[in-house]
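Novice: Structure: entry-v9.cif, mmCIF, C-alpha atoms.
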```cif
data_protein
#
loop_
_atom_site.label_atom_id
_atom_site.label_comp_id
_atom_site.auth_asym_id
_atom_site.auth_seq_id
_atom_site.Cartn_x
_atom_site.Cartn_y
_atom_site.Cartn_z
CA MET A 37 111.87 108.27 160.01
CA ASN A 38 109.32 108.43 157.25
CA ARG A 39 111.24 111.29 155.66
CA ARG A 40 114.43 109.21 155.76
CA LEU A 41 112.70 106.26 154.14
CA GLU A 42 111.31 108.59 151.47
CA VAL A 43 114.79 109.91 150.68
CA ILE A 44 116.22 106.37 150.53
CA SER A 45 113.41 105.32 148.20
CA ILE A 46 114.08 108.24 145.88
CA VAL A 47 117.81 107.44 145.79
CA LEU A 48 117.14 103.77 145.07
CA LEU A 49 114.67 104.68 142.32
CA ALA A 50 117.17 107.03 140.73
CA ALA A 51 119.85 104.35 140.88
CA CYS A 52 117.52 101.83 139.24
CA CYS A 53 116.73 104.30 136.48
CA LEU A 54 120.44 104.86 135.86
CA LEU A 55 121.05 101.11 135.74
CA LEU A 56 118.12 100.66 133.35
CA ARG A 57 119.48 103.42 131.15
CA ALA A 58 122.93 101.84 131.20
CA ASP A 59 121.45 98.46 130.25
CA VAL A 60 119.59 100.02 127.33
CA VAL A 61 122.57 101.97 126.04
CA SER A 62 124.87 98.94 126.30
CA VAL A 63 122.58 96.66 124.27
CA VAL A 64 124.68 94.12 122.40
CA ILE A 65 123.46 93.03 118.98
CA SER A 66 123.59 89.25 118.81
CA THR A 67 125.35 87.42 116.01
CA GLU A 68 122.00 86.19 114.69
CA GLU A 69 120.53 89.71 114.72
CA LEU A 70 123.60 91.14 113.01
CA GLN A 71 123.28 88.55 110.25
CA LYS A 72 119.65 89.55 109.76
CA ILE A 73 120.60 93.24 109.47
CA GLU A 74 123.45 92.44 107.06
CA LYS A 75 121.11 90.41 104.88
CA ALA A 76 118.40 93.09 104.84
CA VAL A 77 120.51 96.21 104.25
CA PRO A 78 120.43 97.40 100.59
CA LYS A 79 123.55 96.49 98.64
CA LYS A 80 123.52 99.53 96.39
CA ALA A 81 122.03 103.00 96.26
CA THR A 82 119.22 104.08 93.95
CA ALA A 83 121.23 107.05 92.70
CA ARG A 84 124.91 107.88 92.63
CA PRO A 85 126.10 110.70 94.88
CA HIS A 86 126.85 114.01 93.21
CA LYS A 87 129.88 114.28 95.52
CA PRO A 88 131.23 112.56 98.67
CA ARG A 89 128.61 112.82 101.42
CA LYS A 90 128.83 112.68 105.21
CA MET A 91 125.92 112.27 107.64
CA LEU A 92 125.87 112.91 111.39
CA VAL A 93 123.98 110.20 113.30
CA PHE A 94 122.88 111.79 116.59
CA THR A 95 121.80 109.34 119.32
CA ARG A 96 121.43 111.36 122.55
CA ALA A 97 118.16 110.67 124.37
CA LYS A 98 117.10 112.56 127.50
CA GLY A 99 113.79 110.74 127.64
CA LEU A 100 113.23 107.07 126.81
CA VAL A 101 116.38 105.45 125.45
CA HIS A 102 115.11 103.10 122.75
CA THR A 103 116.77 99.71 122.55
CA SER A 104 116.62 100.03 118.76
CA ILE A 105 119.20 102.86 118.67
CA PRO A 106 122.24 100.57 118.20
CA TYR A 107 120.32 98.48 115.64
CA ALA A 108 119.52 101.56 113.58
CA THR A 109 123.10 102.78 113.89
CA LYS A 110 124.45 99.44 112.67
CA ALA A 111 122.01 99.44 109.74
CA LEU A 112 123.09 102.96 108.78
CA GLU A 113 126.75 102.00 109.07
CA LEU A 114 126.22 99.00 106.78
CA MET A 115 124.19 101.11 104.31
CA ALA A 116 127.10 103.51 104.05
CA GLU A 117 129.63 100.70 103.60
CA ASN A 118 127.56 98.72 101.09
CA THR A 119 126.52 101.57 98.85
CA GLY A 120 129.48 103.94 99.14
CA ALA A 121 126.86 106.70 98.92
CA PHE A 122 127.80 108.40 102.19
CA LYS A 123 129.83 108.09 105.37
CA ILE A 124 128.52 108.42 108.92
CA VAL A 125 129.81 109.91 112.15
CA VAL A 126 127.98 108.90 115.34
CA SER A 127 127.71 111.33 118.27
CA ASP A 128 125.62 112.01 121.36
CA GLU A 129 127.33 115.29 122.30
CA MET A 130 125.33 118.52 122.05
CA SER A 131 128.50 120.40 121.11
CA ILE A 132 128.26 118.80 117.67
CA PHE A 133 125.59 121.40 116.84
CA ASN A 134 128.08 124.25 116.91
CA PRO A 135 128.41 125.77 113.41
CA GLU A 136 132.00 124.63 112.87
CA SER A 137 131.20 121.11 114.05
CA LEU A 138 128.22 120.81 111.68
CA LYS A 139 130.08 122.26 108.70
CA PRO A 140 131.51 118.94 107.36
CA PHE A 141 128.10 117.24 107.26
CA ASP A 142 125.53 117.10 104.46
CA ALA A 143 122.71 115.81 106.69
CA ILE A 144 121.84 115.07 110.31
CA CYS A 145 120.06 111.86 111.26
CA PHE A 146 118.22 112.06 114.59
CA ASN A 147 118.35 108.36 115.48
CA ASN A 148 115.63 108.05 118.13
CA SER A 149 117.17 111.04 119.89
CA ASN A 150 114.57 112.80 121.99
CA ARG A 151 113.70 115.50 124.54
CA MET A 152 116.55 117.77 123.47
CA ASP A 153 116.35 121.19 125.13
CA PHE A 154 118.31 123.17 122.52
CA THR A 155 118.24 126.10 124.95
CA ASP A 156 121.39 127.66 123.51
CA PRO A 157 120.29 130.27 120.90
CA ALA A 158 123.54 129.79 119.00
CA MET A 159 122.85 126.07 118.54
CA ARG A 160 119.29 126.79 117.46
CA LYS A 161 120.52 129.20 114.83
CA SER A 162 123.24 126.77 113.78
CA LEU A 163 120.75 123.95 113.13
CA MET A 164 118.28 126.16 111.27
CA ASP A 165 121.05 127.71 109.15
CA PHE A 166 122.38 124.21 108.40
CA VAL A 167 119.08 123.01 106.94
CA ARG A 168 118.01 126.21 105.23
CA SER A 169 121.38 126.46 103.47
CA GLY A 170 120.62 123.29 101.50
CA LYS A 171 121.53 120.49 103.92
CA GLY A 172 119.23 117.70 105.13
CA VAL A 173 117.55 116.24 108.21
CA VAL A 174 116.52 112.60 108.70
CA GLY A 175 114.25 111.65 111.59
CA ILE A 176 113.87 108.10 112.93
CA HIS A 177 110.87 107.36 115.18
CA ALA A 178 111.40 109.41 118.39
CA ALA A 179 112.97 112.29 116.44
CA THR A 180 109.60 114.06 116.59
CA THR A 181 110.13 114.53 120.34
CA ASN A 182 113.44 116.36 119.93
CA PHE A 183 111.85 119.77 120.31
CA SER A 184 109.31 118.79 122.97
CA SER A 185 111.27 118.33 126.21
CA LYS A 186 108.53 119.55 128.56
CA LYS A 187 105.33 117.98 129.78
CA PRO A 188 102.52 117.54 128.91
CA ILE A 189 103.15 115.35 125.90
CA GLY A 190 102.98 117.36 122.72
CA SER A 191 104.25 120.60 124.23
CA VAL A 192 106.72 122.49 122.06
CA ASP A 193 109.91 124.16 123.28
CA TRP A 194 111.08 125.32 119.89
CA PRO A 195 108.19 125.96 117.47
CA GLU A 196 110.40 126.70 114.47
CA ALA A 197 112.25 123.37 114.73
CA ALA A 198 108.99 121.52 115.40
CA GLU A 199 107.57 123.02 112.21
CA MET A 200 110.69 122.01 110.29
CA MET A 201 110.37 118.40 111.45
CA GLY A 202 106.71 118.37 110.42
CA GLY A 203 105.05 117.39 113.68
CA ILE A 204 105.48 116.64 117.40
CA PHE A 205 104.84 113.30 119.13
CA ALA A 206 101.47 113.22 120.88
CA GLY A 207 101.03 109.58 121.90
CA HIS A 208 100.89 106.06 120.49
CA HIS A 209 97.75 103.92 120.60
CA TRP A 210 99.17 101.47 118.03
CA ARG A 211 101.77 99.84 120.23
CA SER A 212 104.45 97.25 119.61
CA GLY A 213 103.67 93.74 120.75
CA GLN A 214 99.94 94.15 120.15
CA GLY A 215 99.81 92.91 116.58
CA LYS A 216 100.59 94.07 113.08
CA TRP A 217 99.25 97.40 111.81
CA ALA A 218 98.23 98.09 108.22
CA VAL A 219 100.24 100.77 106.44
CA LYS A 220 98.83 102.65 103.45
CA ASN A 221 101.11 103.55 100.56
CA ASP A 222 100.02 107.15 99.97
CA ALA A 223 102.41 107.72 97.06
CA PRO A 224 102.85 104.49 95.06
CA ASP A 225 104.77 106.23 92.27
CA HIS A 226 107.05 108.24 94.54
CA PRO A 227 110.77 107.30 94.34
CA LEU A 228 111.07 107.15 98.12
CA ASN A 229 108.36 104.45 98.16
CA ALA A 230 109.97 102.28 95.47
CA ALA A 231 110.73 99.60 98.07
CA PHE A 232 107.03 98.88 98.54
CA GLU A 233 106.36 98.27 94.82
CA GLY A 234 103.13 100.23 94.77
CA GLU A 235 101.53 98.33 97.64
CA GLY A 236 100.74 98.84 101.30
CA PHE A 237 101.98 96.43 103.97
CA LYS A 238 101.60 95.34 107.59
CA ILE A 239 104.18 95.77 110.32
CA ALA A 240 104.53 95.19 114.06
CA ASP A 241 105.85 98.42 115.55
CA GLU A 242 104.84 101.44 117.62
CA ILE A 243 103.03 104.06 115.52
CA TYR A 244 103.00 107.68 116.63
CA MET A 245 100.29 110.30 116.58
CA TYR A 246 101.23 113.98 116.27
CA THR A 247 100.32 117.47 117.31
CA ASN A 248 101.35 120.54 115.30
CA PHE A 249 101.35 118.32 112.22
CA GLN A 250 102.22 120.44 109.18
CA LYS A 251 99.64 118.94 106.84
CA ASP A 252 99.77 121.92 104.48
CA SER A 253 103.55 121.69 104.09
CA VAL A 254 104.56 118.02 103.95
CA ARG A 255 104.30 115.27 101.36
CA VAL A 256 102.96 112.20 103.17
CA LEU A 257 104.43 108.94 101.87
CA LEU A 258 102.96 106.39 104.31
CA SER A 259 100.06 106.48 106.79
CA LEU A 260 97.94 104.06 108.81
CA ASP A 261 95.43 102.20 106.67
CA PHE A 262 92.08 102.45 108.43
CA SER A 263 90.42 100.14 105.93
CA ASP A 264 92.03 97.35 107.96
CA PRO A 265 89.62 96.36 110.77
CA LYS A 266 92.28 95.67 113.42
CA THR A 267 94.10 98.93 112.71
CA ALA A 268 90.87 100.93 112.71
CA SER A 269 89.56 99.38 115.94
CA VAL A 270 92.45 100.60 118.11
CA LYS A 271 91.32 104.21 118.38
CA GLY A 272 87.94 104.85 116.84
CA GLU A 273 88.05 108.65 116.64
CA GLN A 274 91.35 108.68 114.73
CA THR A 275 90.92 108.88 110.97
CA TYR A 276 94.37 109.96 109.74
CA VAL A 277 97.78 109.06 111.16
CA PRO A 278 100.79 109.80 108.93
CA ILE A 279 103.86 107.58 109.30
CA SER A 280 106.42 108.89 106.82
CA TRP A 281 106.81 112.22 105.03
CA ILE A 282 109.19 114.66 103.37
CA ARG A 283 109.29 118.42 103.06
CA LYS A 284 111.41 121.33 101.90
CA TRP A 285 112.83 123.72 104.50
CA GLY A 286 114.44 126.72 102.87
CA ARG A 287 116.82 125.13 100.37
CA GLY A 288 117.12 122.05 102.58
CA ARG A 289 115.23 118.77 102.81
CA VAL A 290 113.58 116.85 105.66
CA PHE A 291 112.67 113.14 105.70
CA TYR A 292 110.91 111.57 108.69
CA CYS A 293 109.61 108.06 109.36
CA SER A 294 108.08 106.89 112.64
CA LEU A 295 108.94 103.22 112.03
CA GLY A 296 111.82 102.15 114.26
CA HIS A 297 110.68 101.60 117.84
CA ASP A 298 111.23 97.84 117.64
CA ASN A 299 114.65 96.31 116.97
CA HIS A 300 113.37 94.01 114.23
CA VAL A 301 112.36 96.96 112.07
CA PHE A 302 116.03 97.33 111.21
CA TRP A 303 116.20 93.96 109.50
CA ASN A 304 113.09 94.62 107.39
CA PRO A 305 114.45 94.99 103.81
CA ALA A 306 111.67 97.24 102.51
CA VAL A 307 111.80 99.61 105.48
CA LEU A 308 115.60 99.83 105.25
CA ARG A 309 115.35 100.63 101.54
CA HIS A 310 112.76 103.31 102.37
CA TYR A 311 115.17 104.79 104.91
CA LEU A 312 118.07 104.62 102.45
CA ASP A 313 116.11 106.45 99.77
CA GLY A 314 114.95 109.00 102.34
CA ILE A 315 118.55 109.57 103.40
CA ARG A 316 119.64 109.99 99.78
CA PHE A 317 116.85 112.56 99.34
CA ALA A 318 117.96 114.44 102.46
CA LEU A 319 121.57 114.38 101.27
CA GLY A 320 120.50 115.90 97.95
CA ASP A 321 121.35 112.91 95.74
CA LEU A 322 117.87 111.55 95.03
CA HIS A 323 115.38 113.94 93.46
CA ALA A 324 111.84 113.59 94.80
CA ASP A 325 108.69 115.65 94.48
CA THR A 326 107.90 117.50 97.72
CA THR A 327 104.56 118.97 96.66
CA PRO A 328 102.42 118.87 99.85
CA SER A 329 99.84 116.08 99.86
CA VAL A 330 96.92 118.44 100.42
CA LYS A 331 97.79 120.31 97.22
CA LEU A 332 98.14 117.07 95.28
CA LYS A 333 94.83 115.87 96.65
CA ASP A 334 93.14 118.95 95.27
CA LYS A 335 94.74 118.39 91.88
CA LEU A 336 94.07 114.66 91.90
CA SER A 337 90.39 115.03 92.75
CA LYS A 338 88.46 112.07 91.44
CA LYS A 339 85.43 114.18 90.67
CA ALA A 340 85.20 114.43 86.89
CA SER A 341 83.38 117.34 85.30
CA ALA A 342 80.90 115.11 83.47
CA PRO A 343 78.10 113.48 85.56
CA SER A 344 79.08 110.02 84.29
CA GLY A 345 82.65 110.41 85.63
CA LEU A 346 84.07 109.19 82.29
CA VAL A 347 85.50 112.54 81.21
CA ARG A 348 88.42 114.17 83.00
CA ASN A 349 88.44 117.88 82.34
CA SER A 350 91.77 119.51 81.43
CA SER A 351 91.51 121.68 84.56
CA LYS A 352 91.91 118.49 86.64
CA GLN A 353 95.22 117.50 85.07
CA VAL A 354 98.25 117.30 87.33
CA VAL A 355 101.39 118.98 85.99
CA ILE A 356 104.69 118.27 87.76
CA SER A 357 107.53 120.61 86.80
CA GLU A 358 111.13 119.41 86.85
CA ASP A 359 114.45 121.04 85.98
CA TRP A 360 114.56 119.02 82.77
CA GLY A 361 110.92 119.45 81.71
CA SER A 362 107.47 118.46 82.94
CA LEU A 363 105.07 115.53 83.37
CA THR A 364 101.29 115.76 83.01
CA TRP A 365 99.40 112.74 84.36
CA LEU A 366 96.19 112.14 82.42
CA ALA A 367 94.95 108.75 83.62
CA SER A 368 95.94 106.22 86.30
CA LYS A 369 94.62 104.26 89.24
CA GLN A 370 95.89 106.96 91.61
CA ILE A 371 94.07 109.69 89.73
CA GLY A 372 90.99 107.51 89.68
CA ASN A 373 90.07 107.35 85.97
CA ALA A 374 91.89 104.15 84.91
CA GLN A 375 92.57 100.85 86.65
CA GLY A 376 94.82 98.93 84.26
CA LEU A 377 97.07 101.57 82.70
CA THR A 378 98.78 104.91 83.28
CA LEU A 379 98.72 107.64 80.64
CA GLY A 380 100.78 110.79 80.64
CA ARG A 381 102.32 113.53 78.54
CA VAL A 382 105.99 114.38 78.99
CA THR A 383 108.04 117.34 77.80
CA ILE A 384 111.84 117.33 77.85
CA LYS A 385 113.53 120.68 77.35
CA ALA A 386 116.00 121.08 74.49
CA GLY A 387 119.44 119.92 75.62
CA HIS A 388 118.13 118.29 78.80
CA SER A 389 117.72 114.67 79.97
CA ASN A 390 115.28 113.07 82.34
CA PRO A 391 116.83 110.86 85.09
CA ARG A 392 117.75 107.30 84.22
CA HIS A 393 115.12 105.00 85.71
CA ARG A 394 113.16 101.78 85.28
CA HIS A 395 109.65 100.44 85.89
CA PRO A 396 109.95 97.09 87.72
CA LYS A 397 106.48 95.79 86.89
CA CYS A 398 105.17 97.63 83.84
CA GLU A 399 105.93 98.00 80.16
CA GLU A 400 106.23 101.52 78.73
CA VAL A 401 105.27 102.73 75.26
CA LEU A 402 106.39 106.21 74.20
CA TYR A 403 104.99 108.08 71.16
CA LEU A 404 106.98 111.18 70.19
CA LEU A 405 104.71 114.03 69.08
CA ARG A 406 107.41 116.55 68.24
CA GLY A 407 111.15 117.10 68.64
CA LYS A 408 114.00 114.61 68.53
CA LEU A 409 115.20 112.23 71.26
CA GLY A 410 118.23 110.14 72.02
CA HIS A 411 116.57 107.38 74.01
CA THR A 412 118.94 105.04 75.87
CA VAL A 413 117.48 101.64 76.78
CA GLY A 414 119.93 99.55 78.77
CA ASN A 415 123.27 100.29 77.12
CA LYS A 416 121.94 101.07 73.64
CA THR A 417 120.85 104.50 72.38
CA PHE A 418 118.08 104.95 69.79
CA ILE A 419 117.47 108.17 67.88
CA ILE A 420 113.75 108.79 67.45
CA SER A 421 111.90 111.61 65.70
CA ALA A 422 108.33 112.92 65.71
CA GLY A 423 105.92 110.10 64.83
CA ASP A 424 108.20 107.32 66.11
CA VAL A 425 107.23 104.85 68.85
CA ILE A 426 109.57 103.10 71.28
CA THR A 427 108.66 100.28 73.70
CA ILE A 428 110.60 99.59 76.92
CA ALA A 429 110.27 96.27 78.74
CA PRO A 430 109.76 96.11 82.53
CA GLY A 431 112.89 96.35 84.67
CA ILE A 432 115.16 97.95 82.03
CA PHE A 433 116.92 101.18 83.00
CA HIS A 434 116.36 103.92 80.45
CA ASN A 435 116.14 107.66 79.90
CA ALA A 436 115.88 110.23 77.12
CA THR A 437 117.78 113.33 76.02
CA CYS A 438 116.23 116.02 73.85
CA ILE A 439 118.82 116.43 71.08
CA GLY A 440 116.79 118.72 68.81
CA LYS A 441 116.59 122.51 68.87
CA GLU A 442 113.00 122.44 70.14
CA ASP A 443 111.54 120.82 73.24
CA ALA A 444 110.50 117.18 72.84
CA ASP A 445 106.81 116.44 73.49
CA MET A 446 105.58 112.87 73.90
CA ILE A 447 102.75 110.62 75.07
CA VAL A 448 103.70 107.78 77.45
CA VAL A 449 101.58 104.77 78.38
CA TYR A 450 102.32 102.17 81.08
CA SER A 451 100.75 98.72 81.37
CA GLU A 452 99.79 99.14 85.05
CA GLY A 453 97.37 101.49 86.76
CA THR A 454 100.08 102.20 89.33
CA ARG A 455 103.35 103.17 87.66
CA GLY A 456 106.15 102.15 89.98
CA PHE A 457 109.66 103.33 89.15
CA GLU A 458 113.22 103.33 90.46
CA LEU A 459 115.94 105.89 89.74
CA GLU A 460 119.55 105.22 88.80
CA GLN A 461 121.60 108.36 88.35
CA GLU A 462 124.30 108.24 85.71
CA PRO A 463 126.49 110.78 83.91
CA SER A 464 124.84 112.92 81.28
CA LEU A 465 124.08 111.17 78.02
CA LYS A 466 124.95 114.23 75.96
CA THR A 467 128.53 113.06 75.52
CA ARG A 468 127.36 109.70 74.16
CA ILE A 469 124.84 110.85 71.60
CA LYS A 470 125.76 112.07 68.15
CA GLN A 471 123.27 114.70 67.10
#
```
Starting from the file, lay out its structure as structure tokens.
Specialist:
Amino acid sequence: MNRRLEVISIVLLAACCLLLRADVVSVVISTEELQKIEKAVPKKATARPHKPRKMLVFTRAKGLVHTSIPYATKALELMAENTGAFKIVVSDEMSIFNPESLKPFDAICFNNSNRMDFTDPAMRKSLMDFVRSGKGVVGIHAATTNFSSKKPIGSVDWPEAAEMMGGIFAGHHWRSGQGKWAVKNDAPDHPLNAAFEGEGFKIADEIYMYTNFQKDSVRVLLSLDFSDPKTASVKGEQTYVPISWIRKWGRGRVFYCSLGHDNHVFWNPAVLRHYLDGIRFALGDLHADTTPSVKLKDKLSKKASAPSGLVRNSSKQVVISEDWGSLTWLASKQIGNAQGLTLGRVTIKAGHSNPRHRHPKCEEVLYLLRGKLGHTVGNKTFIISAGDVITIAPGIFHNATCIGKEDADMIVVYSEGTRGFELEQEPSLKTRIKQ
């Protein structure tokens, strides 16, 4: 009799779980919630696509089925419609990971999908080949459990994929419904953090911790801010919890953000813009520096060579190489040797242009040391030579093309210690400048 009751109990429990799962999957977004998402979704993309793009939004969840999945999917759908920057296809079928099925896509978004076995070697190879060939991966919240289907929490079924993603879920002490957590902006000048305007913020959501975190390989964009007493008091022994990061994987790109457990996250304008810019990066349409944070930290050491800390030795300078030239940051709040301004030296290769961009909050002054530039400010182009100075007001899109036979070398100064900027990709200026 007891055995019969035990069997009945198990059957009833299984039925309840199936009903719960069905309820979660069939979540209906209310009219009021839809209006909030529509209002919050960005109306245009930061950069224009190099070509038509298509992203797979994968929603299958073998573990917890997050109620936020349909909210994220709707936000992604509206992003695609509003910006025209990409199209989406939504699927929860594992067969989509066959090579021929993945071929039309430029990126895969794991939308809170989790506990995927990926036991088929052909599918494993297909996904790795997809990313390494130059495609992208976007991870929303539970995506860091995709390659950890076994217990205990934090176990890894597929180490290579776990490494690609950057980390594996290992718990969450900062839970939703328990208050707002402070988020640190680890890269105020990074284009994927433009939505936050150089500042940190607070948010009510579930924040993950990780095992197998690839700290030597990823560029951390956001993390928990333990200078906030409430955030720090949750788990005393924790000192570093990343939230959002990017990395290179072969010729491909990975963007992950753990924000997205709660439904309301997907009507937060800044978070949606962060996701949009991360998607554009993964698609290959928004250039962003992927230098690992640990390497930048070494370069950006605040320890000056002189005892007074007033002198920054040339060996401490940070040089960022781009296809079009290079940037050397000499002084800023982030570096630690200036609070109210940013100073840098920029080189643009002969015949090349830097991306069109703007600085929402700071004025820029450029002094050309050598070479010749066609500098477009707004819709007007100015020709400047060595010794000339040009000033650009906050919020004006601009960029420069080296139109001389030698590389252009310049000093740039910004009126804020944190130089925020936004990109806007446009056709090459070479056709518009008379040399």
Novice: Skip A:Ala318 itself and residues of its chain fewer than 6 positions away, then list as a PyMOL selection string all residues within 8 Å of it, counting only C-alpha atoms.
Specialist: chain A and resi 143+171-174+288-291
Novice: Once the PyMOL selection byres ((chain A and resi 104) around 9) is applied to the coordinates I shared, what remains selected? I want it as a ChimeraX atom specification.
Specialist: /A:63,101-103,105-109,148,296-302
Novice: So what do you get for atom CA of A:Asp225 versus atom CA of A:Ala436, distance-wise?
Specialist: 19.2 Å
Novice: Any idea what's packed within 7 Å of stretch 227-237 of chain A, counting only C-alpha atoms, ignoring anything in its chain fewer than 3 positions away? Could you give it as a PyMOL selection string?
Specialist: chain A and resi 218-221+223-224+306+309-310+313-314+324+454+456-458
Novice: For atom CA of A:Asn373 and atom CA of A:Ile428, determine how far apart the two atoms are, in Å to one decimal place.
Specialist: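 Atom CA of A:Asn373 sits 23.7 Å away from atom CA of A:Ile428.
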Novice: I'd like the contact shell of A:Ser127 - 9 Å cut-off, all atoms listed in the file, skipping same-chain residues fewer than 2 positions apart - returned as number ranges by chain.
Specialist: A: 92-96, 125, 129-130, 132
Novice: Could you tell me, as a PyMOL selection string, exactly which residues end up selected when the PyMOL selection byres ((chain A and resi 212) around 6) is applied to this structure?
Specialist: chain A and resi 211+213-214+240-242
Novice: What would stretch 72-86 of chain A look like with N, CA and C atoms in place, written as an mmCIF file, keeping the file's coordinate frame?
Specialist:
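The result, written out as selection30.cif:
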```
data_model
loop_
_atom_site.group_PDB
_atom_site.id
_atom_site.type_symbol
_atom_site.label_atom_id
_atom_site.label_comp_id
_atom_site.auth_asym_id
_atom_site.auth_seq_id
_atom_site.Cartn_x
_atom_site.Cartn_y
_atom_site.Cartn_z
ATOM 1 N N LYS A 72 120.926 89.125 110.337
ATOM 2 C CA LYS A 72 119.650 89.550 109.760
ATOM 3 C C LYS A 72 119.761 90.964 109.196
ATOM 4 N N ILE A 73 120.425 91.861 109.945
ATOM 5 C CA ILE A 73 120.600 93.240 109.470
ATOM 6 C C ILE A 73 121.452 93.244 108.211
ATOM 7 N N GLU A 74 122.559 92.495 108.222
ATOM 8 C CA GLU A 74 123.450 92.440 107.060
ATOM 9 C C GLU A 74 122.731 91.932 105.826
ATOM 10 N N LYS A 75 121.860 90.967 106.009
ATOM 11 C CA LYS A 75 121.110 90.410 104.880
ATOM 12 C C LYS A 75 120.084 91.394 104.340
ATOM 13 N N ALA A 76 119.501 92.198 105.233
ATOM 14 C CA ALA A 76 118.400 93.090 104.840
ATOM 15 C C ALA A 76 118.862 94.422 104.276
ATOM 16 N N VAL A 77 120.039 94.886 104.665
ATOM 17 C CA VAL A 77 120.510 96.210 104.250
ATOM 18 C C VAL A 77 120.719 96.241 102.730
ATOM 19 N N PRO A 78 120.233 97.289 102.053
ATOM 20 C CA PRO A 78 120.430 97.400 100.590
ATOM 21 C C PRO A 78 121.906 97.321 100.218
ATOM 22 N N LYS A 79 122.170 96.677 99.086
ATOM 23 C CA LYS A 79 123.550 96.490 98.640
ATOM 24 C C LYS A 79 124.042 97.612 97.746
ATOM 25 N N LYS A 80 123.106 98.392 97.208
ATOM 26 C CA LYS A 80 123.520 99.530 96.390
ATOM 27 C C LYS A 80 122.480 100.637 96.510
ATOM 28 N N ALA A 81 122.905 101.837 96.164
ATOM 29 C CA ALA A 81 122.030 103.000 96.260
ATOM 30 C C ALA A 81 121.222 103.174 94.985
ATOM 31 N N THR A 82 120.068 103.820 95.106
ATOM 32 C CA THR A 82 119.220 104.080 93.950
ATOM 33 C C THR A 82 119.889 105.066 92.999
ATOM 34 N N ALA A 83 120.581 106.035 93.541
ATOM 35 C CA ALA A 83 121.230 107.050 92.700
ATOM 36 C C ALA A 83 122.650 107.277 93.181
ATOM 37 N N ARG A 84 123.530 107.603 92.273
ATOM 38 C CA ARG A 84 124.910 107.880 92.630
ATOM 39 C C ARG A 84 125.034 109.250 93.271
ATOM 40 N N PRO A 85 125.930 109.391 94.241
ATOM 41 C CA PRO A 85 126.100 110.700 94.880
ATOM 42 C C PRO A 85 126.712 111.713 93.923
ATOM 43 N N HIS A 86 126.269 112.952 94.020
ATOM 44 C CA HIS A 86 126.850 114.010 93.210
ATOM 45 C C HIS A 86 128.274 114.318 93.664
#
```
